[in-house]
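Notes follow once the structure below has been shown.
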Amino acid sequence: MTKILAVDDSASMRQMITFTLKSAGFDVVEACDGVEGVSQARQHKCDLVLSDVNMPNMDGIAMTRELRTLPDYKYTPILMLTTESGLGKKTEGKNAGATGWIVKPFKPDQLLNTIKKVLG
Amino acid sequence: MSTMQADTDSTDSKGSMVGSIDAVDQYLTFIMDNEEYGVDILAVKEIRNWDSATPIPRAPPHVRGVINLRGTIIPIIDLRQCFGMAAIEYGPLTVVLVLQVTTSGNDSREVGIVVDAVSDVYSLDSADIKPAPQMSDQLNTSFIRGLVTIKEHMVILLDIDNLLGREDLADFAEVRDAIKKDELVKAV
Amino acid sequence: MSIELSQFFQVFFEESFEGLDVMESGLMSLDPANVDNEMINSIFRAAHSIKGGSATFGFASVAEFTHVLETLLDEVRAETRGMSTDMVDLFLQSVDCLRELLEGLQAEVPVDGARADGLRQKFEAILDIPADAVVSETVEVEPVAIGWQIKLVGGEDILRTGNEPIRMFTQLGELGELTITTDFSRLPAFNALTLESCYLSWQLTLMADNVKRADVDEVFEWVVDECEITIEPIMDESVPVAAEQVEAPEATEAVEEDVPDADSIGLAAPQTQKKAEPGSIRVDIDKIDTLINMVGELVITQSMLGQIGADLSSDNVSKLQEGLQDLERNVQVLHESVMQVRMLPISFTFNRFPRMVRDLSRQLNKKIDLVVKGEQTELDKTVMEKIGDPLVHLLRNCLDHGIETPAERVKAGKPETGVISLNAFHQGGNIIIQINDDGAGLPKEKILAKARKNGIIGPDVVLSDEQINDLIFQPGFSTAEVVSDVSGRGVGMDVVRRNVQELGGHVSVKSAEGVGSTFSISLPLTLAILDGQLVRVGNQVYIFPLVSIVESLSVDKKQVSTVAGACDLLRLREEYIPIIPLHDAFGIEPDSRNLEKSLIVVVESENTKVGLVVDELQAQQQVVIKSLETNYQSVEGISGATILGDGTVSLILDIGGIVTIGQNTTHMQIKAA
């Protein structure tokens, strides 16, 4: 089953994302910040990473940079969840190795469509 | 306990049978000092034999004490005291009615009242219940739901919440006296 | 598939309220002149989270409001704008406003948006945002294309970011008929090839007559900066092309049909505006683990006893007894552990006070520092919820009447800034909460005068300082000349005392004029179980809390002296302790009225000792405390009831209350004399 890593410091967002993905038949692993995200990524072989940008301890961009150094995650699609005002971080995210972004707020359907696009 | 239809003393042949379902309530009646009182049966949680109660220090005289009702502490009120009747020795026929009371603060409480004996259960049409007679403005009669005549004697129906759920205990004794006087006058 | 978002609302509300708390305490601790980077970041993140969540879950009013907040916070954290005390105030007010908005949404009650609008305008003024600019857009009317010709020169690094051209082609292919020609011309020699780099280019021809330019753009949106992309429409030669400029309608937000604006839920509002009580509680995971372990132990013990019970022989009896002892121990530990789960640090209540002190001291033009200690001290969740209001009242009292104005303080030789210290600690089976101020202290003469005027005490009665100070807890007492709207009329102190007593606790005050006052609240830690001493007086058995008993002794007449025809005093070593006959206080017939035939149990509450006269000491046992208030009311001198092994009810003494009764009886007797 396709495994997705969902990283967000907001519990309600995580819950919503996890529920949406699980309902669509995905396996989900959660993390609440970049540090936990890297740890989870190491423990579970994930096929896709969804991550918020603004998080304590290690933000989404630093986590992306870190993930790209892991052999299993060199080409894994990493999508940033960012609010429209955060699009300025686009370049920074790209430079860190992010594949793309999903703009917040998004509806569950939009999330699933984008993921389908990426996972093929 | 038998369930009986109440006779009305009026010539109105409508009677209780024809009344609509929601206008009929069941009342449990009990005896105190040879007078009959009734309470809404839905408020009666339990009927127990009198056993001792643990007295509460410096409590008003009508509070006999508290008892253990399956793990909950409930107060026992001596209604005879409230109504100014002479105190009696409680015996094996003495009964405690455990009632569900809604207080003025909208809480739900359980309170027990000691009565001489339980009488019967009646289905009464609200049309047959007469309001308490007019009395002086100072007397609070809210604890009386109404008066009804059953088998030719008067039964005073009590409003439990106003009887036991209030901070102040109403002027039971005076009201009761006034009602009795009123009935005597009417009977003459 | 449609997902019901409302199932996540409660979590969103809870985390948002927490986020608001973080913002508030962060803002309170900010020094505008020297903004701590970590702090401003955490404040920003909290606002950002609330904005994101509220937008996702459809709470547009909250999202809009928070957006402006967040923008300003972003500038501060990026150091393109400095912070000022006024800005901090504005932010704090927004936190309050957001709380109000969120509470309203949670309770599904509409909240007046005027406050939010007012604040938002102020923010916008700072940010210099013109309000509601009408944007006229040029809309190009698209020529009707029957297809698209796309040239994609792959950026070298796109593979490294996990972007895969094949995916994009698949997406395009879903839009219509796609033909692909690959251009290998940029491929270097084999030995110069890096597998992760992209050297390819493609010519893509997409035949479809209902595909807009935006749809094509979307496919490449993630790689548009890294690649060279050319997109040309393929026209149907027969149709003329026309481009027009159109005035766009006033920019309005797109109305999302299927995510209903959650703000509008509140229209059918219930009459009472009640904040939804969170039905959940955060528990330390260690506490849960302890519980789980204990339950495991219980299961083992219980199954062992079950086995023994099934096969009882005389050898098994001692095993049975051992098993029962184990069971008793396990149950006790389990009970304590469960009670622990409900225990939370008092910081949950203390947390609102720094803000309150700050706001009120500014309002009163006083300088006041609040020092908080012992905020990790734990107490039962319900007790904590109910002690909140009394604490607020006591604090307000300190602020209003206790601490003097800066001018008065300087005149009295004190530092300009008054100090209020809030402290909590465990003592015996209780939690003690103290509020201490270095203010004016209680005005004894005024209190005495007021009490005499109100007839609370007789004109000639002499009271100790402590007794005078205690008078403030009498109903209707307020010596404030001016009724300030901070603490209001003297409706407070007696209500505070009553509230504390309802929780089984006490409140008292110690004060010295010119120096300050200390209010002490003592509350029982566990509401439910007590180590008790059974005591018989006449035909009634009472429970004394074991922690309150100092010692018990039989009486020697020589040790007893009578004072002014009033109460008796027991000479116990170096102290004289007032003797209170419980049978009198409770109206019971004792075994004997002769002191020498009775026992005296010396008990202590808040450093006051009294000797209670009883007939007999019985067993010591743990009792489960049952409430009298549930179905009856609180009784002075009684903290609760319990059910003894024989099913009868036994009353548990509230020693503090008994001491007070005793003291009042004493001085009342003096008064009558």
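For the structure tokens, the naming scheme is as follows: chains receive sequential letters (A, B, ...) according to their order of presentation, residues are indexed from 1 within each chain, and ligands are indexed from 1 in presentation order.
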Excluding stretch 117-120 of chain B and its own-chain neighbours fewer than 2 positions away, which residues fall within 7 Å of it when counting only C-alpha atoms? Please give them as a list in words.
Met1, Ser2, Leu28, Thr29, Phe30, Ile31, Leu93, Thr94, Val95, Val115 and Tyr122 of chain B
Take the residues from that selection and put them in a file with N, CA and C atoms, as an mmCIF file, in the first residue's frame.
```cif
data_model
loop_
_atom_site.group_PDB
_atom_site.id
_atom_site.type_symbol
_atom_site.label_atom_id
_atom_site.label_comp_id
_atom_site.auth_asym_id
_atom_site.auth_seq_id
_atom_site.Cartn_x
_atom_site.Cartn_y
_atom_site.Cartn_z
ATOM 1 N N MET B 1 -50.863 -2.388 44.509
ATOM 2 C CA MET B 1 -51.496 -1.079 44.371
ATOM 3 C C MET B 1 -52.447 -1.101 43.211
ATOM 4 N N SER B 2 -53.662 -0.726 43.468
ATOM 5 C CA SER B 2 -54.618 -0.756 42.363
ATOM 6 C C SER B 2 -54.690 0.606 41.719
ATOM 7 N N LEU B 28 -49.392 9.246 43.131
ATOM 8 C CA LEU B 28 -49.266 8.336 44.256
ATOM 9 C C LEU B 28 -49.725 9.115 45.484
ATOM 10 N N THR B 29 -50.643 8.555 46.242
ATOM 11 C CA THR B 29 -51.087 9.297 47.421
ATOM 12 C C THR B 29 -50.592 8.624 48.687
ATOM 13 N N PHE B 30 -50.438 9.427 49.713
ATOM 14 C CA PHE B 30 -49.971 8.918 50.995
ATOM 15 C C PHE B 30 -50.699 9.640 52.117
ATOM 16 N N ILE B 31 -50.592 9.046 53.285
ATOM 17 C CA ILE B 31 -51.320 9.565 54.436
ATOM 18 C C ILE B 31 -50.375 10.253 55.390
ATOM 19 N N LEU B 93 -44.584 0.582 59.744
ATOM 20 C CA LEU B 93 -45.395 0.971 58.585
ATOM 21 C C LEU B 93 -44.935 2.295 58.000
ATOM 22 N N THR B 94 -44.064 2.955 58.754
ATOM 23 C CA THR B 94 -43.601 4.250 58.269
ATOM 24 C C THR B 94 -42.814 4.054 56.990
ATOM 25 N N VAL B 95 -43.059 4.956 56.086
ATOM 26 C CA VAL B 95 -42.490 4.772 54.749
ATOM 27 C C VAL B 95 -41.712 6.008 54.333
ATOM 28 N N VAL B 115 -43.421 9.584 55.471
ATOM 29 C CA VAL B 115 -44.879 9.700 55.563
ATOM 30 C C VAL B 115 -45.398 8.570 56.440
ATOM 31 N N TYR B 122 -53.593 6.837 41.659
ATOM 32 C CA TYR B 122 -54.789 7.230 40.912
ATOM 33 C C TYR B 122 -54.408 7.894 39.603
#
```
Within stretch 255-486 of chain C, find each residue whose DSSP state, derived from the backbone, is strand (DSSP E), and express the selection as number ranges by chain.
C: 343-345, 368-373, 378-380, 418-427, 430-437
Residues at most 8 Å from B:Thr103, counting only C-alpha atoms, excluding those fewer than 4 positions away in the same chain, as a VMD selection string?
chain B and resid 107 to 109 161 to 162 164 to 166
Residues from the last selection, N, CA and C atoms, saved as a compact mmCIF listing (two decimals), in the first residue's frame:
```txt
# COMPACT_ATOMS: atom_id res chain seq x y z
N ASP B 107 -31.08 22.20 39.21
CA ASP B 107 -30.38 20.93 39.45
C ASP B 107 -31.39 19.86 39.74
N SER B 108 -30.96 18.63 39.58
CA SER B 108 -31.84 17.53 39.93
C SER B 108 -31.33 16.90 41.21
N ARG B 109 -32.21 16.74 42.18
CA ARG B 109 -31.78 16.14 43.43
C ARG B 109 -32.71 15.03 43.82
N ASP B 161 -41.41 20.05 43.25
CA ASP B 161 -40.29 20.98 43.07
C ASP B 161 -40.45 22.21 43.94
N ASN B 162 -41.68 22.71 44.01
CA ASN B 162 -41.88 23.88 44.86
C ASN B 162 -41.94 23.53 46.33
N LEU B 164 -40.03 21.00 47.81
CA LEU B 164 -38.75 20.63 48.39
C LEU B 164 -37.55 21.28 47.69
N GLY B 165 -37.79 21.84 46.50
CA GLY B 165 -36.65 22.30 45.72
C GLY B 165 -36.26 23.73 46.00
N ARG B 166 -36.95 24.38 46.91
CA ARG B 166 -36.65 25.79 47.12
C ARG B 166 -35.78 25.98 48.33
```
Please return as a ChimeraX atom specification: the residues of stretch 312-383 of chain C that backbone DSSP assigns to alpha helix (DSSP H).
/C:314-341,347-350,353-363,381-383
For the selection just defined, write its residues with C-alpha atoms to a file, as a short mmCIF file (atom, residue, chain, number, x, y, z; two decimals), in the first residue's frame.
```cif
data_model
loop_
_atom_site.label_atom_id
_atom_site.label_comp_id
_atom_site.auth_asym_id
_atom_site.auth_seq_id
_atom_site.Cartn_x
_atom_site.Cartn_y
_atom_site.Cartn_z
CA SER C 314 -7.67 -24.65 55.53
CA ASP C 315 -4.20 -24.37 53.93
CA ASN C 316 -5.65 -21.97 51.46
CA VAL C 317 -6.99 -19.63 54.10
CA SER C 318 -3.66 -17.98 54.78
CA LYS C 319 -3.05 -17.70 51.07
CA LEU C 320 -6.46 -16.13 50.77
CA GLN C 321 -5.60 -13.61 53.44
CA GLU C 322 -2.36 -12.74 51.71
CA GLY C 323 -4.17 -12.37 48.48
CA LEU C 324 -6.72 -10.09 50.07
CA GLN C 325 -3.99 -7.92 51.51
CA ASP C 326 -2.40 -7.64 48.10
CA LEU C 327 -5.74 -6.76 46.66
CA GLU C 328 -6.27 -4.06 49.21
CA ARG C 329 -2.89 -2.55 48.47
CA ASN C 330 -3.41 -2.70 44.75
CA VAL C 331 -6.80 -1.10 44.96
CA GLN C 332 -5.39 1.68 47.05
CA VAL C 333 -2.59 2.39 44.63
CA LEU C 334 -4.98 2.14 41.71
CA HIS C 335 -7.33 4.57 43.34
CA GLU C 336 -4.57 7.04 44.00
CA SER C 337 -3.35 6.67 40.45
CA VAL C 338 -6.78 7.31 39.03
CA MET C 339 -7.18 10.38 41.17
CA GLN C 340 -3.79 11.49 39.91
CA VAL C 341 -5.10 11.43 36.37
CA SER C 347 -0.65 26.75 36.16
CA PHE C 348 -3.78 26.18 34.10
CA THR C 349 -5.56 28.60 36.40
CA PHE C 350 -2.59 30.82 37.20
CA PHE C 353 -3.30 36.19 35.97
CA PRO C 354 -0.20 37.91 34.52
CA ARG C 355 -2.36 39.36 31.80
CA MET C 356 -5.08 40.35 34.25
CA VAL C 357 -2.58 42.04 36.53
CA ARG C 358 -1.01 43.87 33.63
CA ASP C 359 -4.31 45.16 32.26
CA LEU C 360 -5.76 46.09 35.62
CA SER C 361 -2.67 47.81 36.92
CA ARG C 362 -2.58 49.97 33.81
CA GLN C 363 -6.25 50.71 34.29
CA LYS C 381 -9.30 19.33 37.73
CA THR C 382 -12.75 20.09 39.11
CA VAL C 383 -11.37 21.85 42.17
#
```
May I have the residues within 12 Å of C:Leu471 as a PyMOL selection string, using only C-alpha atoms and disregarding those fewer than 4 positions away in the same chain?
chain C and resi 442-452+454-457+463-467+475-479+490+493-494+497+508-510+664
For A:Gly88, work out the shell of residues within 12 Å, counting only C-alpha atoms and skipping chain neighbours fewer than 5 positions away, then give it as a compact mmCIF listing (two decimals) with C-alpha atoms, in the first residue's frame.
```
# COMPACT_ATOMS: atom_id res chain seq x y z
CA VAL A 53 6.40 24.90 6.09
CA THR A 82 1.84 26.51 2.16
CA THR A 83 -0.51 29.43 2.51
CA GLY A 93 11.64 25.22 -1.03
CA LYS A 94 12.70 24.37 -4.53
CA TRP A 101 3.43 22.73 -3.35
```
Could you please select, counting only C-alpha atoms, the residues of chain B within 9 Å of chain C and state them as a PyMOL selection string?
chain B and resi 52-59+66-68+71-75+108-111
Same residues, C-alpha atoms, saved as a PDB file, in the first residue's frame:
```pdb
ATOM      1  CA  SER B  52     -32.788   5.183  60.906  1.00  0.00           C
ATOM      2  CA  ALA B  53     -31.231   8.314  59.485  1.00  0.00           C
ATOM      3  CA  THR B  54     -27.972   9.971  60.483  1.00  0.00           C
ATOM      4  CA  PRO B  55     -28.864  13.327  62.004  1.00  0.00           C
ATOM      5  CA  ILE B  56     -27.249  16.471  60.660  1.00  0.00           C
ATOM      6  CA  PRO B  57     -25.962  18.860  63.309  1.00  0.00           C
ATOM      7  CA  ARG B  58     -27.873  22.117  63.660  1.00  0.00           C
ATOM      8  CA  ALA B  59     -30.236  21.183  60.885  1.00  0.00           C
ATOM      9  CA  VAL B  66     -29.416  11.631  55.764  1.00  0.00           C
ATOM     10  CA  ILE B  67     -29.480   8.057  54.572  1.00  0.00           C
ATOM     11  CA  ASN B  68     -27.483   5.920  52.210  1.00  0.00           C
ATOM     12  CA  GLY B  71     -24.162   4.801  47.634  1.00  0.00           C
ATOM     13  CA  THR B  72     -25.649   8.278  47.396  1.00  0.00           C
ATOM     14  CA  ILE B  73     -26.346  10.440  50.397  1.00  0.00           C
ATOM     15  CA  ILE B  74     -29.857  11.804  50.430  1.00  0.00           C
ATOM     16  CA  PRO B  75     -31.647  13.921  53.005  1.00  0.00           C
ATOM     17  CA  SER B 108     -31.839  17.530  39.932  1.00  0.00           C
ATOM     18  CA  ARG B 109     -31.781  16.145  43.430  1.00  0.00           C
ATOM     19  CA  GLU B 110     -33.080  13.146  45.249  1.00  0.00           C
ATOM     20  CA  VAL B 111     -34.875  13.782  48.502  1.00  0.00           C
TER      21      VAL B 111
END
```
Can you tell me, as a ChimeraX atom specification, what residues are no more than 12 Å from C:Ile580 when counting only C-alpha atoms, ignoring any on the same chain fewer than 3 positions away?
/C:566-570,577,583-586,595,599-603,609-614,655,658-666
Looking at A:Asp72, A:Lys3, A:Val35, A:Met16, which one is nearest to chain C, with distances taken over only C-alpha atoms?
A:Met16
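Distance annotation: of C:Leu172, C:Leu617, C:Leu391, C:Ile285, the residue with the minimal separation from chain A is C:Leu172; atom set is only C-alpha atoms.
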Please return, as a VMD selection string, all residues of chain A lying within 8 Å of chain C when only C-alpha atoms are considered.
chain A and resid 10 to 13 15 to 16 20 54 to 56 74 to 78 83 94 97 to 101 104 to 109 117 to 120
Export of prior selection with N, CA and C atoms as a short mmCIF file (atom, residue, chain, number, x, y, z; two decimals), in the first residue's frame:
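Now in again-v2.cif:
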```
data_model
loop_
_atom_site.label_atom_id
_atom_site.label_comp_id
_atom_site.auth_asym_id
_atom_site.auth_seq_id
_atom_site.Cartn_x
_atom_site.Cartn_y
_atom_site.Cartn_z
N SER A 10 0.03 21.35 13.32
CA SER A 10 -1.34 21.53 13.77
C SER A 10 -2.07 20.19 13.79
N ALA A 11 -2.54 19.81 14.98
CA ALA A 11 -3.17 18.50 15.12
C ALA A 11 -4.42 18.38 14.25
N SER A 12 -5.19 19.48 14.15
CA SER A 12 -6.42 19.37 13.37
C SER A 12 -6.11 19.17 11.89
N MET A 13 -5.05 19.83 11.40
CA MET A 13 -4.66 19.63 10.00
C MET A 13 -4.20 18.20 9.78
N GLN A 15 -4.99 15.58 11.45
CA GLN A 15 -6.13 14.67 11.51
C GLN A 15 -6.90 14.70 10.19
N MET A 16 -7.11 15.91 9.69
CA MET A 16 -7.89 16.04 8.45
C MET A 16 -7.16 15.36 7.30
N THR A 20 -8.42 12.00 5.34
CA THR A 20 -8.64 12.08 3.89
C THR A 20 -7.83 11.02 3.15
N ASN A 54 5.85 26.19 8.09
CA ASN A 54 6.14 26.77 9.40
C ASN A 54 5.91 25.80 10.53
N MET A 55 7.00 25.29 11.09
CA MET A 55 6.86 24.36 12.22
C MET A 55 7.98 24.62 13.21
N PRO A 56 7.76 24.32 14.47
CA PRO A 56 8.85 24.52 15.43
C PRO A 56 9.93 23.46 15.26
N LYS A 74 15.84 10.36 -2.34
CA LYS A 74 16.41 11.28 -3.32
C LYS A 74 15.38 11.78 -4.32
N TYR A 75 14.49 10.90 -4.71
CA TYR A 75 13.54 11.32 -5.75
C TYR A 75 12.10 11.26 -5.29
N THR A 76 11.93 10.96 -4.01
CA THR A 76 10.55 10.88 -3.50
C THR A 76 9.87 12.24 -3.65
N PRO A 77 8.65 12.27 -4.16
CA PRO A 77 7.94 13.54 -4.26
C PRO A 77 7.72 14.13 -2.86
N ILE A 78 8.15 15.40 -2.70
CA ILE A 78 7.93 16.09 -1.43
C ILE A 78 7.11 17.33 -1.74
N THR A 83 0.54 28.46 2.74
CA THR A 83 -0.51 29.43 2.51
C THR A 83 -0.07 30.35 1.39
N LYS A 94 12.14 25.04 -3.36
CA LYS A 94 12.70 24.37 -4.53
C LYS A 94 14.17 24.10 -4.36
N GLY A 97 14.93 21.29 -2.49
CA GLY A 97 14.67 20.02 -3.14
C GLY A 97 13.20 19.62 -3.19
N ALA A 98 12.31 20.54 -2.82
CA ALA A 98 10.89 20.19 -2.83
C ALA A 98 10.39 20.01 -4.25
N THR A 99 9.49 19.06 -4.42
CA THR A 99 8.94 18.78 -5.75
C THR A 99 7.92 19.83 -6.15
N GLY A 100 7.06 20.19 -5.25
CA GLY A 100 6.01 21.14 -5.58
C GLY A 100 5.30 21.60 -4.33
N TRP A 101 4.14 22.23 -4.53
CA TRP A 101 3.43 22.73 -3.35
C TRP A 101 1.93 22.60 -3.53
N LYS A 104 -2.61 26.27 0.77
CA LYS A 104 -3.63 26.23 1.82
C LYS A 104 -4.47 27.49 1.70
N PRO A 105 -5.76 27.44 1.99
CA PRO A 105 -6.50 26.24 2.40
C PRO A 105 -6.87 25.37 1.20
N PHE A 106 -6.87 24.09 1.40
CA PHE A 106 -7.26 23.22 0.32
C PHE A 106 -8.38 22.31 0.78
N LYS A 107 -9.15 21.87 -0.14
CA LYS A 107 -10.22 20.94 0.20
C LYS A 107 -9.66 19.53 0.09
N PRO A 108 -10.25 18.60 0.81
CA PRO A 108 -9.77 17.22 0.75
C PRO A 108 -9.66 16.71 -0.69
N ASP A 109 -10.61 17.06 -1.53
CA ASP A 109 -10.57 16.59 -2.92
C ASP A 109 -9.36 17.13 -3.66
N LYS A 117 -1.88 13.05 -9.06
CA LYS A 117 -1.02 13.59 -10.11
C LYS A 117 0.41 13.14 -9.89
N VAL A 118 0.82 13.24 -8.67
CA VAL A 118 2.22 13.02 -8.35
C VAL A 118 2.58 11.54 -8.30
N LEU A 119 1.64 10.76 -7.82
CA LEU A 119 1.96 9.35 -7.69
C LEU A 119 1.70 8.56 -8.96
N GLY A 120 0.99 9.20 -9.87
CA GLY A 120 0.76 8.53 -11.15
C GLY A 120 -0.25 7.42 -11.12
#
```
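With only C-alpha atoms as the basis for measurement, A:Leu79 is the residue among A:Met1, A:Leu48, A:Leu79, A:Met63 that approaches A:Val103 most closely.
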Quick one: pull the distance between atom CA of C:Ile543 and atom CA of C:Ile579, Å, one decimal.
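Result for atom CA of C:Ile543 versus atom CA of C:Ile579: 18.4 Å, one decimal.
Take atom CA of C:Gln533 and atom CA of C:Glu551: the distance between them is 11.7 Å.
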Of the candidates B:Ile144, B:Pro92, B:Val114, B:Ala178, which shows the shortest atom-to-atom distance to B:Gly65, using only C-alpha atoms?
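That would be B:Val114, the residue with the smallest distance to B:Gly65.
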